[in-house]
Each structure stands twice: as structure tokens, then as C-alpha cells.
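Below is one structure, written out as C-alpha cells, with a few remarks after it.
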Amino acid sequence: MRPRKSGSQRDSPVEEGGFELPVPLERGGWNGRGRTRRHASQGKADASAAFGRPSGEIAEHADQPTPRGVASAEGGHIIVGQGAVPIIRNGVLEGACGVSGGTAQQDEDCARAGVAQL
């Protein structure tokens, strides 16, 4: 599935069962920005998978002890910013999909659209 063109390039890793499955939706090469987007989307997916809810909801509570503690325990890999949603099937958290490259809302909308196609 590809996002609608909005002038931005997006990368979207999917966290499933504790393993990263990189799913590039659109990529413009390894010019630094692609690498940054990949880390951002992965960090958001890590946050969503760790807490079992959209990363934007976690961002609202980022200054509280639990999100800070989990982020610290994960070695700083978690990014609590909008743009990832959990993958839940039959009531079981299977992972998360994180997107980076657009606005925060565009990233989340793209992640939701991708998960809806699973």
C-alpha cells in the first residue's frame, strides 16, 4: 500500500512479535533524511507496541514516570510522538506500525491505513 503523494517521502517499519519488519512505503535514498525517518518511524512503532496504543496518546503523558521509565529501559529507542498505531488481532497485541515523513497527523493516518489492510 502506498500513501497519497503529498510531496513527502515516508518510511514505515512494522513491529511484529518483537521483530522489526521494515516496510518502506516510499523512499528517496540514503541521504540522511531517509535514515532519520526510519529511526523516527521505528521509535514511534516501538512506543506503540510497548504500550499497546497509538503513540500520539503516549506523547500526551511523556513526562510521567512510566513512559519515561519504559523509554529509558528500552535504551532510548522509544519515541513518544504521534505517528504509530498498534496492530491488534483478535484482542491480541501483535506489534505496531510507525510512519514518519509527513506531519504527525499524516503519519498516524498513514499508519492506520496500513494496519487496516493487514
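Residues in the C-alpha cells are named by chain (A, B, ... in the order shown) and by number from 1 within that chain; ligands are numbered from 1 in the order shown.
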Worksheet entry | Within 10 Å of region 60-69 of chain A using only C-alpha atoms, minus same-chain residues under 3 positions, as a PyMOL selection string | chain A and resi 47+50-51+55-57+72-76+78-82
Residue subset to file, keeping N, CA, C and O atoms, as an mmCIF file, in the first residue's frame:
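Result file follows (out02.cif):
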```cif
data_model
loop_
_atom_site.group_PDB
_atom_site.id
_atom_site.type_symbol
_atom_site.label_atom_id
_atom_site.label_comp_id
_atom_site.auth_asym_id
_atom_site.auth_seq_id
_atom_site.Cartn_x
_atom_site.Cartn_y
_atom_site.Cartn_z
ATOM 1 N N ALA A 47 7.212 2.538 20.626
ATOM 2 C CA ALA A 47 6.372 3.103 21.687
ATOM 3 C C ALA A 47 4.967 2.524 21.629
ATOM 4 O O ALA A 47 4.402 2.114 22.652
ATOM 5 N N ALA A 50 5.019 -1.091 22.739
ATOM 6 C CA ALA A 50 5.294 -1.232 24.176
ATOM 7 C C ALA A 50 4.065 -0.934 25.025
ATOM 8 O O ALA A 50 3.846 -1.580 26.048
ATOM 9 N N PHE A 51 3.268 0.044 24.589
ATOM 10 C CA PHE A 51 2.118 0.460 25.391
ATOM 11 C C PHE A 51 0.781 -0.039 24.847
ATOM 12 O O PHE A 51 -0.241 0.103 25.503
ATOM 13 N N SER A 55 0.874 5.949 19.439
ATOM 14 C CA SER A 55 1.989 6.673 20.047
ATOM 15 C C SER A 55 1.626 8.118 20.385
ATOM 16 O O SER A 55 2.194 8.690 21.309
ATOM 17 N N GLY A 56 0.670 8.703 19.677
ATOM 18 C CA GLY A 56 0.229 10.058 19.992
ATOM 19 C C GLY A 56 -0.410 10.154 21.366
ATOM 20 O O GLY A 56 -0.259 11.154 22.061
ATOM 21 N N GLU A 57 -1.114 9.104 21.767
ATOM 22 C CA GLU A 57 -1.713 9.082 23.109
ATOM 23 C C GLU A 57 -0.627 9.006 24.178
ATOM 24 O O GLU A 57 -0.767 9.583 25.248
ATOM 25 N N SER A 72 13.557 4.668 28.913
ATOM 26 C CA SER A 72 14.910 4.501 29.434
ATOM 27 C C SER A 72 15.317 3.030 29.420
ATOM 28 O O SER A 72 16.431 2.687 29.020
ATOM 29 N N ALA A 73 14.419 2.146 29.852
ATOM 30 C CA ALA A 73 14.715 0.717 29.885
ATOM 31 C C ALA A 73 14.953 0.160 28.482
ATOM 32 O O ALA A 73 15.706 -0.790 28.306
ATOM 33 N N GLU A 74 14.326 0.774 27.480
ATOM 34 C CA GLU A 74 14.495 0.341 26.096
ATOM 35 C C GLU A 74 15.744 0.940 25.455
ATOM 36 O O GLU A 74 15.948 0.802 24.258
ATOM 37 N N GLY A 75 16.528 1.646 26.237
ATOM 38 C CA GLY A 75 17.768 2.202 25.722
ATOM 39 C C GLY A 75 17.585 3.450 24.881
ATOM 40 O O GLY A 75 18.432 3.758 24.045
ATOM 41 N N GLY A 76 16.486 4.146 25.078
ATOM 42 C CA GLY A 76 16.255 5.375 24.340
ATOM 43 C C GLY A 76 15.741 5.171 22.928
ATOM 44 O O GLY A 76 15.729 6.098 22.133
ATOM 45 N N ILE A 78 12.636 4.300 22.133
ATOM 46 C CA ILE A 78 11.230 4.682 22.038
ATOM 47 C C ILE A 78 11.113 6.177 21.788
ATOM 48 O O ILE A 78 11.775 6.977 22.428
ATOM 49 N N ILE A 79 10.267 6.526 20.826
ATOM 50 C CA ILE A 79 9.957 7.923 20.542
ATOM 51 C C ILE A 79 8.474 8.110 20.797
ATOM 52 O O ILE A 79 7.641 7.464 20.155
ATOM 53 N N VAL A 80 8.163 8.956 21.759
ATOM 54 C CA VAL A 80 6.755 9.182 22.101
ATOM 55 C C VAL A 80 6.247 10.397 21.317
ATOM 56 O O VAL A 80 6.176 11.492 21.826
ATOM 57 N N GLY A 81 5.940 10.156 20.056
ATOM 58 C CA GLY A 81 5.382 11.174 19.186
ATOM 59 C C GLY A 81 4.329 10.540 18.301
ATOM 60 O O GLY A 81 4.378 9.344 18.006
ATOM 61 N N GLN A 82 3.381 11.315 17.871
ATOM 62 C CA GLN A 82 2.279 10.815 17.052
ATOM 63 C C GLN A 82 2.805 10.259 15.737
ATOM 64 O O GLN A 82 3.691 10.837 15.120
#
```
Discussion item. Rounded to one decimal, what separation in Å do you get between CA of Cys97 (chain A) and CA of Ala71 (chain A)?
Written reply: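 Straight-line distance from CA of Cys97 (chain A) to CA of Ala71 (chain A) works out to 17.6 Å.
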Practice prompt. Write out as a list in words the residues lying within 9 Å of Thr103 (chain A), counting only C-alpha atoms and excluding same-chain residues fewer than 4 positions away.
Written response: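 Selected residues are Gly83, Asp107 and Glu108 of chain A.
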Worksheet item: Pick the closest to Gly98 (chain A) from A:Ala84, A:Ser48, A:Cys110, A:Leu118: which is it, counting only C-alpha atoms?
Response: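 Residue with the minimum atom-to-atom distance to Gly98 (chain A): A:Ala84.
The space separating CA of Leu93 (chain A) from CA of Gln106 (chain A) comes to 23.1 Å.
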Practice prompt. Go ahead and compute the interatomic distance for CA of His39 (chain A) and CA of Asn90 (chain A), in Å to one decimal.
Written response: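 Computing the Euclidean distance for CA of His39 (chain A) and CA of Asn90 (chain A) yields 29.0 Å.
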Discussion item. Just checking: using only C-alpha atoms, which residue out of A:Gln117, A:Gln42, A:Pro54, A:Ala59 ends up closest to Val85 (chain A)?
Written reply: A:Pro54
